[in-house]
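Each remark here refers to the structure printed beneath this line.
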Amino acid sequence: MDLAFTNEEHAFREEVRQFLRDRVPPEMHRKLIESRNLSRDEMVAWARILNKKGWAVPHWPKEHGGAGWTPVQHYIFGEELQMYPVRDLPDFGTSLVGPVIYTFGNEAQKKYFLPRIANAEDWWCQGFSEPGAGSDLASLQTRAVRDGDHYVVNGQKIWTTLAQYADWIFCLVRTNPGVKKQLGISFLLIDMKSPGITVRPIQLIDGGYEVNEIFFDDVRVPAENLVGEEDKGWDYAKFLLGNERFSIASVGTSKERILRVKELAAKCRVGEERLIDRATFREKVAAVEIQLKALEVTQLRVVTNASKEQKGRQDPASAILKLKGSEIQQATADLLLEVVGPYTLPYVSEEDLESGNEPPIGPDWAAAIAPAYFNARKVSIYGGSDEIQKNIIAKAILGL
Amino acid sequence: MDLAFTNEEHAFREEVRQFLRDRVPPEMHRKLIESRNLSRDEMVAWARILNKKGWAVPHWPKEHGGAGWTPVQHYIFGEELQMYPVRDLPDFGTSLVGPVIYTFGNEAQKKYFLPRIANAEDWWCQGFSEPGAGSDLASLQTRAVRDGDHYVVNGQKIWTTLAQYADWIFCLVRTNPGVKKQLGISFLLIDMKSPGITVRPIQLIDGGYEVNEIFFDDVRVPAENLVGEEDKGWDYAKFLLGNERFSIASVGTSKERILRVKELAAKCRVGEERLIDRATFREKVAAVEIQLKALEVTQLRVVTNASKEQKGRQDPASAILKLKGSEIQQATADLLLEVVGPYTLPYVSEEDLESGNEPPIGPDWAAAIAPAYFNARKVSIYGGSDEIQKNIIAKAILGL
Amino acid sequence: MDFDLSEEQRLLKDSVERLILERYGFDHRRKYQTEEAGFSEAMWARYAELGLLGLPFSQAHGGFGGGAVETMIVMEAFGQALILEPYFATVVLARGILRHRASEAQKAELIPPIAEGRMKLAFAYAEPQSRYDLFDVQTGAEKDGDGWMLSGTKGLVLHGEAADRIVVSARTAGGSRDNNGIGLFLVAGDAPGLRRRGYPTQDGLRAAEITLENVRVEPADVIGDPAGALPIIFRVADEAAGALCAEAVGCFAEMHSITLKYLKTREQFGTIIGSFQVLQHRAVDMFVELEQSRSMAMYVTMMAGEGNTTERERAISAAKAQIGQSAKARSASSRSSSMVASA
Amino acid sequence: MDFDLSEEQRLLKDSVERLILERYGFDHRRKYQTEEAGFSEAMWARYAELGLLGLPFSQAHGGFGGGAVETMIVMEAFGQALILEPYFATVVLARGILRHRASEAQKAELIPPIAEGRMKLAFAYAEPQSRYDLFDVQTGAEKDGDGWMLSGTKGLVLHGEAADRIVVSARTAGGSRDNNGIGLFLVAGDAPGLRRRGYPTQDGLRAAEITLENVRVEPADVIGDPAGALPIIFRVADEAAGALCAEAVGCFAEMHSITLKYLKTREQFGTIIGSFQVLQHRAVDMFVELEQSRSMAMYVTMMAGEGNTTERERAISAAKAQIGQSAKARSASSRSSSMVASA
């Protein structure tokens, strides 16, 4: 047993750090520190910077542009990005549909889509959830009916993240309503410019428009955009959802957030003392940091195990990562809210922040804290709610 | 809306206090303050003191010795006892079997048992739980077979509180195994001196012997000891369990425990300061006190509602009393443990404390704190576990 | 010992709740939010008609003689709908100041138009640096002949933009965090030298940052002792916290009700999700927290008249702590919030 | 970065776990508890045979050269059974002192009999007033010719009654809470002037209150600098806390395993209780806390050799806090413990 990284790993970490220092655009960096949202252009630009370095899709097979890293290197890379912080960039292309395409797609799909994904030529969104299909995803109703060399798609998706920016959507659609619900689903790639698609943004409690409703009204999709076999889409979706991401615990992000809490709490006077000097506040911060340290070690156990285990076999401890990771992310958001105090109250839209026409209301770092707090409520719901995670652990690990 | 008590209620409270000051034996008082256990003799003596005053069974109908108080008077009486503190006296006779007897028993049973219960002539215990019948009480298996003018009882009861002291046990027994499980149960009163009864004490984690196993081996019980009708015992048990006790939230007990926490924390030096002066500790105590204040008001809402409502119709808020009351009782036990610190470690038996042959190990108030903490683990399990309470609230109140 | 409402109080509760039910669904709220003021002037007029704007004033001043219980009733109903109008700013905050400390002449001037819905008020007590310390007042009031001249910045003034008159705390003497030397001054929303920068709040209300540059206050517009206002500010802050407790309970109850409805209708995995035991217990946990919160909102209401200041303040702090904690308790099945607070 | 055990460590783990499995069921424990010493001398001999008593000593001193990982392995297995023998007192506490600070002569004298199971030790560091402050030492050591004379009271001495030798912290200089002026002295359990009052602890182990009245210590029995022992006491306390973390994780894992078994066999309402979703999620919550605790026990083990004292102490405090919190978390579905700790 040994906590130390190898010299090579240390060197790799330093390389990542240097790259971030050199290449992350300063304006984007500032926004991320302040919990603000990035524009589409900023996200695309950053994805291309990564791709230029060969780090846009490091987890892909080498022949498709992957980096050939060890699990520990992936871990280091993810942690350094999160800590810089460069976090929460949409990875619907690189992490979700990309692996499906290179695993189950045909040669034409691979050849066309993979390089474009790596270089962010296309913005992807994920058409899974529907109004009637949330935790019970397999009950989805969006229909795709074969009509010559096309599918005709009708139905509705919801909670589609950043669909307003998207060029393409990968969709689960029902191609066979006559069989058990998991068996009649197909996996379609749909051009968002297709006639019959309507995107309606949903305003969230944080004031932003992170998610959308998408309506499909007789949308004609070339049959060549079917991934794999018809009616096998549920298998591909399970593959996609099961692709373990080392970043899921967001340990790096939470570390950075706690540093931010401390930095701001040291600036913040409460009465005669600084907030950071108040025993009751210190105890709260320490409680979160301790949980985070435990999660970091748990994550390292999973990572080093992944170095040795057969691919596809998950370490039971990995199930903890999303649960505890969500809890800690929300706890850091809570601490930031407490640090900011009364000046969390004003709502300033991203556009106003962006324009910079007027001075900020309250401290300049305060504006995005409450929206970020509200936004963080999602992490215990998306990607399989806490309850679904616990159902899975109870069954798969505890045998209940 | 008005929080004030009437002048009559104030006067009544003062009468109760004066009675307690005059009549609670000092040695018993000291033990209760120190969380120690009372002997059988002490408990019986106290019950007789209460009975002499006419306060042993105040909630009973007047014709059987009840006091004819208002719900608020009952509340005041219970709170003053708990705060003195005179708490947790076994009430299997007065609160549990007594009301069953005066409601469902025959005249002979009323005439014989009720005065004896009021004056603690008989010590009663409750034969409900069995190894296979815990939360699912109706699945009990102890059999009673009619044989002439007797029932012959065979089976086993468990977790029988203070059965080692008992003269009588009221038992749920299966008289008809051929019907739906709730329909074949009868309510029998059994003399503990009957041949064939074996009591085996169970040592608990607190070191004491609060509960027992009881084995029935061809125990012959006179048929006249059947309460009400054969096979109707489940109804009587539900009546018994549903008898709302204003003391169930233990608000008075928890108030007294918090005063004790503060008293001891003021004596206790940690480093250069008193524990009571430490901000992080104060915050913990305040958190519990606030919850307790809320529970007290909730309880008062239930009590004043009970003054007006039809008997038998429970205020939905009453469901909270046991849940929150348990939580707070355990929290106060936790605080006391923290106050005592390292000297919770030595285990001193009640006999050693009683004998007083040797000076105590550590502070003289420390000995019973850890056992009391362990003992308090039961409160969220007995009388319907937290989970069962929540199932009931979900169904009966929330309509889920 | 009595938790019941009087007949009049029950009528008040019924009428406010009916109003909210009929005219303050969430869609109404969205629409009202797009009006110029950021709330509904029509609803404001309706509140006046119902007598809600005169509620806490004595009948001698054209009010209804309502007390803490009446305020609780109204705020709880308003909390169900999260109303946008400046009721809290005008009727709880600013008029709390008037009720306790204004002269008879001031009351005679201000109360009728407020009760009739013709005048809105705001209370500017906070400053950019003051955080939660009501005594941290740097805005200065200098003697100017028989009146005063105010200069400084007030922050987070709830509904400060829409207010016809603003009660401003300002320092007439002492250091910036002294208890003594704070006065209360009534200034017009459009007074020369006063600038307002309005903005929406996270919950869709309006607030404003206000800068004052030599804003003249006439002697008639000084409220009470110009150096001894802090006790009354504390008192009003306590009353306001009590009112917010009631509002929070109303909101909490409504959320619980909505959640229960959803649990009973939403289907997944071929069953209503309310059949899952874990969600049932979460709903129970929320119910318990709601009832505990309701108890504390009642408690603080009944303690509003408590003469012992320490006892009253303890009650209010306890209620606020309980309700804040309860409303955030995500439910037992996640420990996020408790973890933050755990040792 | 490696969380694996070496081949030797895996063998050690297997052999200790097998011993526990075969000879330390709960019924065994009850029986051992009734033996005269309050534990099993036979098991003690068995530990010696397996080399566990010499484990953390260098091979030069007849030990096994084991380090923090080996201690973790043994303590975790012992935690599963909550063993009664004075392993922690002798091998972690007292011999931690010896390892770090004893002279070669002392080591040569003491380590072989300990490793062979012929000698038990205890460490008397606490006093009735000291609570958690290791520097709060009032027991006095006065110079007495070439040796020392000890007088005072030591409290809560784990296995102090069974110990052949006791390491006693005593003050040679300074005030009762000074960091400097504390020495460590080796006294025989039956030394003239030493009285022991043994008692059981809440968890069924044995401890003792020890009074010393002019107990003579020979120069050869002073351990290290008689005025500068505090850093080594801190160091050993840290190691002990780390060992207790491992023990707690072993106990925790065993309890989780027992609970799971019960959930899968206990029937109520016509079904195994493990089919209730609320109990499933509680079991998951416990599992998560267990894995988090296991991570911290590993972390603290790997940090045992960390040269930076502050980092090492932080790691130990964090591990202890995490495991204490996790082990008490009654599960999410009741908030007792978190409530106590919440703001």
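Identifiers for the structure tokens are assigned positionally: chains receive A, B, ... in sequence, residues are indexed from 1 per chain, and ligands are indexed from 1 in the order shown.
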Exercise. Leaving out region 296-301 of chain D and any residue of its chain fewer than 4 positions from it, which residues lie within 6 Å of it when counting only C-alpha atoms, given as an NGL selection string?
Worked result: (:A and (294)) or (:D and (68 or 245-246 or 315-316 or 319))
Exercise. Which residues come within 8 Å of Gln164 (chain A), counting only C-alpha atoms, excluding same-chain residues fewer than 6 positions away, as JSON, numbers by chain?
Worked result: {"A": [199, 201, 212]}
Exercise. Near Glu296 (chain A), within 9 Å and counting only C-alpha atoms, which residues show up once chain neighbours fewer than 2 positions away are dropped, as a VMD selection string?
Worked result: (chain A and resid 249 251 to 252 291 to 294 298 to 301) or (chain D and resid 295)
For this session: Define the interface residues of chain B facing chain A as those within 10 Å, counting only C-alpha atoms, and report them as a list in words.
Result: Arg278, Ala279, Thr280, Phe281, Arg282, Glu283 and Lys284 of chain B
Pull N, CA and C atoms from the residues just selected and write them as a PDB file, in the first residue's frame.
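For reference, part03.pdb as written:
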```
ATOM      1  N   ARG B 278     -17.931  26.754  24.997  1.00  0.00           N
ATOM      2  CA  ARG B 278     -17.369  26.466  23.682  1.00  0.00           C
ATOM      3  C   ARG B 278     -18.461  26.619  22.614  1.00  0.00           C
ATOM      4  N   ALA B 279     -18.167  27.461  21.605  1.00  0.00           N
ATOM      5  CA  ALA B 279     -19.191  27.829  20.616  1.00  0.00           C
ATOM      6  C   ALA B 279     -19.761  26.608  19.904  1.00  0.00           C
ATOM      7  N   THR B 280     -18.904  25.680  19.526  1.00  0.00           N
ATOM      8  CA  THR B 280     -19.393  24.539  18.765  1.00  0.00           C
ATOM      9  C   THR B 280     -20.290  23.650  19.630  1.00  0.00           C
ATOM     10  N   PHE B 281     -19.980  23.581  20.905  1.00  0.00           N
ATOM     11  CA  PHE B 281     -20.838  22.797  21.798  1.00  0.00           C
ATOM     12  C   PHE B 281     -22.167  23.512  22.038  1.00  0.00           C
ATOM     13  N   ARG B 282     -22.088  24.812  22.251  1.00  0.00           N
ATOM     14  CA  ARG B 282     -23.319  25.589  22.471  1.00  0.00           C
ATOM     15  C   ARG B 282     -24.269  25.437  21.289  1.00  0.00           C
ATOM     16  N   GLU B 283     -23.691  25.428  20.105  1.00  0.00           N
ATOM     17  CA  GLU B 283     -24.526  25.324  18.921  1.00  0.00           C
ATOM     18  C   GLU B 283     -25.265  23.984  18.884  1.00  0.00           C
ATOM     19  N   LYS B 284     -24.565  22.939  19.297  1.00  0.00           N
ATOM     20  CA  LYS B 284     -25.210  21.626  19.321  1.00  0.00           C
ATOM     21  C   LYS B 284     -26.362  21.603  20.321  1.00  0.00           C
TER      22      LYS B 284
END
```
For this session: Starting from chain D, keep only residues with some atom at most 10 Å from an atom of chain A, counting only C-alpha atoms, and report them as a PyMOL selection string.
Result: chain D and resi 1-6+9+69+257+260-261+263-264+272-277+279-285+287-289+291-299+301-303+314-315+317-323+325-326+341-343
Problem set entry | Near-region 78-92 of chain A list (8 Å; only C-alpha atoms; drop same-chain fewer than 6 positions) as a list in words |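 Close residues of region 78-92 of chain A: Arg13, Val16, Arg17, Leu20, His29, Leu32, Ile33, Met43, Trp124, Cys125, Gln126, Phe246, Ser247, Ser250, Val251, Gly252, Thr253, Lys255 and Glu256 of chain A.
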Problem set entry | Filtered DSSP result for region 163-318 of chain A, state helix (DSSP H, G or I), as JSON, numbers by chain | {"A": [163, 164, 165, 181, 182, 183, 184, 223, 224, 225, 233, 234, 235, 236, 237, 238, 239, 240, 241, 242, 246, 247, 248, 249, 251, 252, 253, 254, 255, 256, 257, 258, 259, 260, 261, 262, 263, 264, 265, 266, 267, 275, 276, 277, 279, 280, 281, 282, 283, 284, 285, 286, 287, 288, 289, 290, 291, 292, 293, 294, 295, 296, 297, 298, 299, 300, 301, 302, 303, 304, 305, 306, 307, 308, 318]}
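Reported to one decimal place, the separation of CA of Arg165 (chain C) from CA of Gly145 (chain C) is 22.2 Å.
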Exercise. Which is closest to Asp221 (chain C) among C:Ala108, C:Met286, C:Ala102, C:Ala126, if we use only C-alpha atoms?
Worked result: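 Looking only at the distances to Asp221 (chain C), the closest residue turns out to be C:Ala102.
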Problem set entry | Distance query region 178-186 of chain A at most 12 Å, only C-alpha atoms, self and fewer than 6 positions along chain excluded, as a ChimeraX atom specification | /A:127-128,133,136-146,151,153,170-172,223,225-238 /C:269-270
Produce a file of the selected residues containing N, CA, C and O atoms, as a compact mmCIF listing (two decimals), in the first residue's frame.
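Saved the output as again.txt:
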```
# COMPACT_ATOMS: atom_id res chain seq x y z
N GLY A 127 -31.07 12.88 -26.45
CA GLY A 127 -32.53 12.77 -26.42
C GLY A 127 -32.99 11.49 -25.75
O GLY A 127 -33.39 10.53 -26.43
N PHE A 128 -32.91 11.46 -24.45
CA PHE A 128 -33.31 10.26 -23.71
C PHE A 128 -34.63 10.51 -22.97
O PHE A 128 -35.65 9.92 -23.28
N ALA A 133 -41.05 9.45 -19.18
CA ALA A 133 -39.94 8.51 -19.01
C ALA A 133 -38.77 9.21 -18.33
O ALA A 133 -37.94 9.85 -18.98
N ASP A 136 -37.71 5.86 -15.08
CA ASP A 136 -38.11 4.68 -15.84
C ASP A 136 -37.92 4.96 -17.33
O ASP A 136 -38.88 5.08 -18.11
N LEU A 137 -36.66 5.08 -17.71
CA LEU A 137 -36.32 5.53 -19.07
C LEU A 137 -36.89 4.62 -20.16
O LEU A 137 -37.31 5.09 -21.22
N ALA A 138 -36.93 3.33 -19.88
CA ALA A 138 -37.34 2.39 -20.93
C ALA A 138 -38.80 2.54 -21.34
O ALA A 138 -39.22 1.97 -22.34
N SER A 139 -39.53 3.32 -20.59
CA SER A 139 -40.94 3.50 -20.96
C SER A 139 -41.13 4.60 -21.99
O SER A 139 -42.24 5.05 -22.24
N LEU A 140 -40.05 5.03 -22.62
CA LEU A 140 -40.13 6.16 -23.57
C LEU A 140 -41.09 5.86 -24.73
O LEU A 140 -41.28 4.71 -25.13
N GLN A 141 -41.69 6.93 -25.27
CA GLN A 141 -42.77 6.78 -26.24
C GLN A 141 -42.46 7.39 -27.61
O GLN A 141 -43.25 7.20 -28.56
N THR A 142 -41.40 8.16 -27.74
CA THR A 142 -41.12 8.77 -29.04
C THR A 142 -41.00 7.66 -30.10
O THR A 142 -40.21 6.73 -29.94
N ARG A 143 -41.79 7.80 -31.16
CA ARG A 143 -41.90 6.73 -32.14
C ARG A 143 -41.04 7.02 -33.36
O ARG A 143 -40.93 8.17 -33.80
N ALA A 144 -40.42 5.99 -33.89
CA ALA A 144 -39.74 6.10 -35.19
C ALA A 144 -40.27 4.98 -36.08
O ALA A 144 -40.15 3.80 -35.72
N VAL A 145 -40.86 5.38 -37.18
CA VAL A 145 -41.46 4.39 -38.09
C VAL A 145 -40.67 4.39 -39.40
O VAL A 145 -40.41 5.45 -39.98
N ARG A 146 -40.28 3.21 -39.80
CA ARG A 146 -39.50 3.09 -41.04
C ARG A 146 -40.39 3.43 -42.24
O ARG A 146 -41.51 2.94 -42.35
N TYR A 151 -36.47 6.99 -41.34
CA TYR A 151 -37.37 6.83 -40.20
C TYR A 151 -38.15 8.12 -40.06
O TYR A 151 -37.59 9.21 -40.23
N VAL A 153 -39.96 10.29 -37.33
CA VAL A 153 -39.94 10.37 -35.86
C VAL A 153 -41.00 11.35 -35.38
O VAL A 153 -41.10 12.48 -35.89
N PHE A 170 -28.58 12.62 -30.29
CA PHE A 170 -28.71 11.16 -30.32
C PHE A 170 -29.92 10.79 -29.48
O PHE A 170 -30.09 11.26 -28.35
N CYS A 171 -30.77 9.99 -30.07
CA CYS A 171 -32.10 9.77 -29.52
C CYS A 171 -32.37 8.30 -29.29
O CYS A 171 -32.01 7.46 -30.11
N LEU A 172 -33.06 8.02 -28.19
CA LEU A 172 -33.69 6.72 -28.06
C LEU A 172 -35.12 6.86 -28.57
O LEU A 172 -35.85 7.76 -28.14
N ALA A 223 -32.15 6.46 -42.76
CA ALA A 223 -31.95 5.19 -42.06
C ALA A 223 -30.48 4.94 -41.77
O ALA A 223 -30.13 4.21 -40.84
N ASN A 225 -28.63 6.74 -40.35
CA ASN A 225 -28.30 7.31 -39.05
C ASN A 225 -28.70 6.42 -37.89
O ASN A 225 -28.58 6.83 -36.74
N LEU A 226 -29.19 5.26 -38.20
CA LEU A 226 -29.42 4.28 -37.14
C LEU A 226 -28.07 3.74 -36.68
O LEU A 226 -27.24 3.35 -37.50
N VAL A 227 -27.84 3.71 -35.38
CA VAL A 227 -26.60 3.11 -34.85
C VAL A 227 -26.89 1.65 -34.52
O VAL A 227 -27.90 1.32 -33.90
N GLY A 228 -26.00 0.77 -35.00
CA GLY A 228 -26.16 -0.66 -34.71
C GLY A 228 -27.43 -1.20 -35.34
O GLY A 228 -27.86 -0.78 -36.41
N GLU A 229 -28.04 -2.11 -34.58
CA GLU A 229 -29.23 -2.77 -35.12
C GLU A 229 -30.50 -2.10 -34.60
O GLU A 229 -30.53 -1.58 -33.49
N GLU A 230 -31.53 -2.20 -35.43
CA GLU A 230 -32.84 -1.73 -35.00
C GLU A 230 -33.29 -2.54 -33.79
O GLU A 230 -33.01 -3.74 -33.69
N ASP A 231 -33.97 -1.88 -32.86
CA ASP A 231 -34.52 -2.50 -31.65
C ASP A 231 -33.47 -2.92 -30.62
O ASP A 231 -33.79 -3.54 -29.61
N LYS A 232 -32.20 -2.59 -30.89
CA LYS A 232 -31.16 -2.94 -29.90
C LYS A 232 -30.68 -1.71 -29.13
O LYS A 232 -29.63 -1.75 -28.46
N GLY A 233 -31.39 -0.62 -29.29
CA GLY A 233 -30.91 0.65 -28.73
C GLY A 233 -30.75 0.63 -27.21
O GLY A 233 -29.90 1.33 -26.66
N TRP A 234 -31.59 -0.16 -26.56
CA TRP A 234 -31.49 -0.19 -25.08
C TRP A 234 -30.13 -0.70 -24.63
O TRP A 234 -29.56 -0.22 -23.65
N ASP A 235 -29.60 -1.68 -25.37
CA ASP A 235 -28.26 -2.18 -25.04
C ASP A 235 -27.22 -1.08 -25.16
O ASP A 235 -26.31 -0.95 -24.34
N TYR A 236 -27.34 -0.30 -26.23
CA TYR A 236 -26.35 0.77 -26.43
C TYR A 236 -26.50 1.85 -25.35
O TYR A 236 -25.51 2.41 -24.87
N ALA A 237 -27.75 2.10 -24.98
CA ALA A 237 -27.98 3.11 -23.93
C ALA A 237 -27.38 2.64 -22.61
O ALA A 237 -26.78 3.43 -21.87
N LYS A 238 -27.56 1.36 -22.31
CA LYS A 238 -26.97 0.85 -21.06
C LYS A 238 -25.45 0.94 -21.10
O LYS A 238 -24.81 1.30 -20.12
N PHE C 269 -42.27 2.98 -13.86
CA PHE C 269 -42.17 1.53 -13.61
C PHE C 269 -43.56 0.91 -13.39
O PHE C 269 -43.72 0.02 -12.56
N GLY C 270 -44.54 1.47 -14.06
CA GLY C 270 -45.86 0.86 -14.01
C GLY C 270 -46.64 1.07 -12.73
O GLY C 270 -47.63 0.39 -12.48
```
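Proximity ranking of D:Ile233, D:Ala94, D:Leu205, D:Ala241 relative to Leu186 (chain D) places D:Ala94 first, based on only C-alpha atoms.
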For this session: Please provide as an MDAnalysis selection string all residues within 6 Å of region 336-345 of chain B, with the sequence filter that same-chain residues fewer than 4 positions apart are discarded (counting only C-alpha atoms).
Result: (chainID B and resid 261 265 362 370) or (chainID D and resid 201:202)
For this session: Might you pull out every residue within 10 Å of Val236 (chain C), with only C-alpha atoms counted and same-chain residues fewer than 4 positions away left off, and present them as a list in words?
Result: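 Non-adjacent residues within range: Val92, Leu93, Ala94, Arg95, Gly96, Ile97, Leu98, Arg99, His100, Leu230, Pro231, Ile232, Ala240, Ala241 and Gly242 of chain C.
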Residues just named, written with all heavy atoms as a short mmCIF file (atom, residue, chain, number, x, y, z; two decimals), in the first residue's frame:
```
data_model
loop_
_atom_site.label_atom_id
_atom_site.label_comp_id
_atom_site.auth_asym_id
_atom_site.auth_seq_id
_atom_site.Cartn_x
_atom_site.Cartn_y
_atom_site.Cartn_z
N VAL C 92 -45.26 45.16 6.82
CA VAL C 92 -44.56 44.57 7.95
C VAL C 92 -43.36 45.43 8.35
O VAL C 92 -43.23 45.85 9.50
CB VAL C 92 -44.12 43.12 7.66
CG1 VAL C 92 -43.36 42.55 8.83
CG2 VAL C 92 -45.35 42.26 7.34
N LEU C 93 -42.50 45.72 7.39
CA LEU C 93 -41.25 46.43 7.73
C LEU C 93 -41.50 47.90 8.02
O LEU C 93 -41.40 48.35 9.16
CB LEU C 93 -40.24 46.30 6.59
CG LEU C 93 -39.47 44.98 6.46
CD1 LEU C 93 -38.55 45.03 5.26
CD2 LEU C 93 -38.65 44.72 7.73
N ALA C 94 -41.82 48.67 6.96
CA ALA C 94 -41.86 50.12 7.13
C ALA C 94 -42.97 50.53 8.10
O ALA C 94 -42.78 51.38 8.97
CB ALA C 94 -42.06 50.78 5.77
N ARG C 95 -44.14 49.90 7.96
CA ARG C 95 -45.22 50.31 8.84
C ARG C 95 -45.02 49.76 10.25
O ARG C 95 -45.62 50.28 11.19
CB ARG C 95 -46.55 49.93 8.23
CG ARG C 95 -46.78 50.80 6.98
CD ARG C 95 -48.05 50.52 6.28
NE ARG C 95 -49.20 50.84 7.08
CZ ARG C 95 -50.44 50.76 6.63
NH1 ARG C 95 -50.68 50.36 5.39
NH2 ARG C 95 -51.44 51.08 7.39
N GLY C 96 -44.20 48.75 10.40
CA GLY C 96 -43.80 48.35 11.75
C GLY C 96 -43.07 49.51 12.43
O GLY C 96 -43.32 49.83 13.60
N ILE C 97 -42.19 50.13 11.71
CA ILE C 97 -41.49 51.31 12.23
C ILE C 97 -42.50 52.40 12.61
O ILE C 97 -42.45 52.96 13.72
CB ILE C 97 -40.50 51.86 11.17
CG1 ILE C 97 -39.38 50.84 10.88
CG2 ILE C 97 -39.94 53.21 11.60
CD1 ILE C 97 -38.35 50.71 11.97
N LEU C 98 -43.42 52.68 11.69
CA LEU C 98 -44.39 53.74 11.97
C LEU C 98 -45.21 53.42 13.21
O LEU C 98 -45.43 54.26 14.08
CB LEU C 98 -45.35 53.91 10.78
CG LEU C 98 -44.75 54.34 9.45
CD1 LEU C 98 -45.86 54.60 8.43
CD2 LEU C 98 -43.87 55.59 9.62
N ARG C 99 -45.69 52.19 13.26
CA ARG C 99 -46.57 51.82 14.35
C ARG C 99 -45.90 52.02 15.70
O ARG C 99 -46.49 52.54 16.63
CB ARG C 99 -46.97 50.34 14.20
CG ARG C 99 -48.10 49.94 15.14
CD ARG C 99 -48.69 48.58 14.80
NE ARG C 99 -47.83 47.47 15.09
CZ ARG C 99 -47.13 46.77 14.20
NH1 ARG C 99 -47.19 47.10 12.92
NH2 ARG C 99 -46.37 45.76 14.56
N HIS C 100 -44.62 51.63 15.75
CA HIS C 100 -43.96 51.70 17.04
C HIS C 100 -43.48 53.10 17.40
O HIS C 100 -43.37 53.44 18.56
CB HIS C 100 -42.75 50.76 17.07
CG HIS C 100 -43.14 49.32 17.13
ND1 HIS C 100 -43.83 48.79 18.17
CD2 HIS C 100 -42.94 48.31 16.25
CE1 HIS C 100 -44.03 47.49 17.96
NE2 HIS C 100 -43.51 47.18 16.80
N LEU C 230 -32.15 52.35 17.39
CA LEU C 230 -31.76 50.94 17.22
C LEU C 230 -32.73 49.96 17.88
O LEU C 230 -33.09 48.94 17.26
CB LEU C 230 -30.32 50.71 17.70
CG LEU C 230 -29.76 49.35 17.31
CD1 LEU C 230 -29.71 49.15 15.80
CD2 LEU C 230 -28.37 49.15 17.91
N PRO C 231 -33.18 50.23 19.12
CA PRO C 231 -34.11 49.26 19.74
C PRO C 231 -35.34 49.01 18.88
O PRO C 231 -35.82 47.88 18.79
CB PRO C 231 -34.49 49.93 21.06
CG PRO C 231 -33.34 50.84 21.37
CD PRO C 231 -32.84 51.33 20.04
N ILE C 232 -35.83 50.06 18.24
CA ILE C 232 -37.04 49.89 17.44
C ILE C 232 -36.72 49.14 16.14
O ILE C 232 -37.53 48.38 15.63
CB ILE C 232 -37.71 51.27 17.20
CG1 ILE C 232 -39.22 51.10 17.33
CG2 ILE C 232 -37.38 51.85 15.86
CD1 ILE C 232 -39.64 50.72 18.72
N ALA C 240 -40.53 41.18 11.77
CA ALA C 240 -40.39 40.79 10.37
C ALA C 240 -39.97 39.33 10.26
O ALA C 240 -40.48 38.58 9.42
CB ALA C 240 -39.37 41.70 9.68
N ALA C 241 -39.04 38.93 11.12
CA ALA C 241 -38.60 37.52 11.10
C ALA C 241 -39.78 36.61 11.41
O ALA C 241 -39.95 35.56 10.79
CB ALA C 241 -37.46 37.31 12.08
N GLY C 242 -40.61 37.03 12.36
CA GLY C 242 -41.80 36.25 12.68
C GLY C 242 -42.72 36.14 11.48
O GLY C 242 -43.25 35.06 11.17
#
```
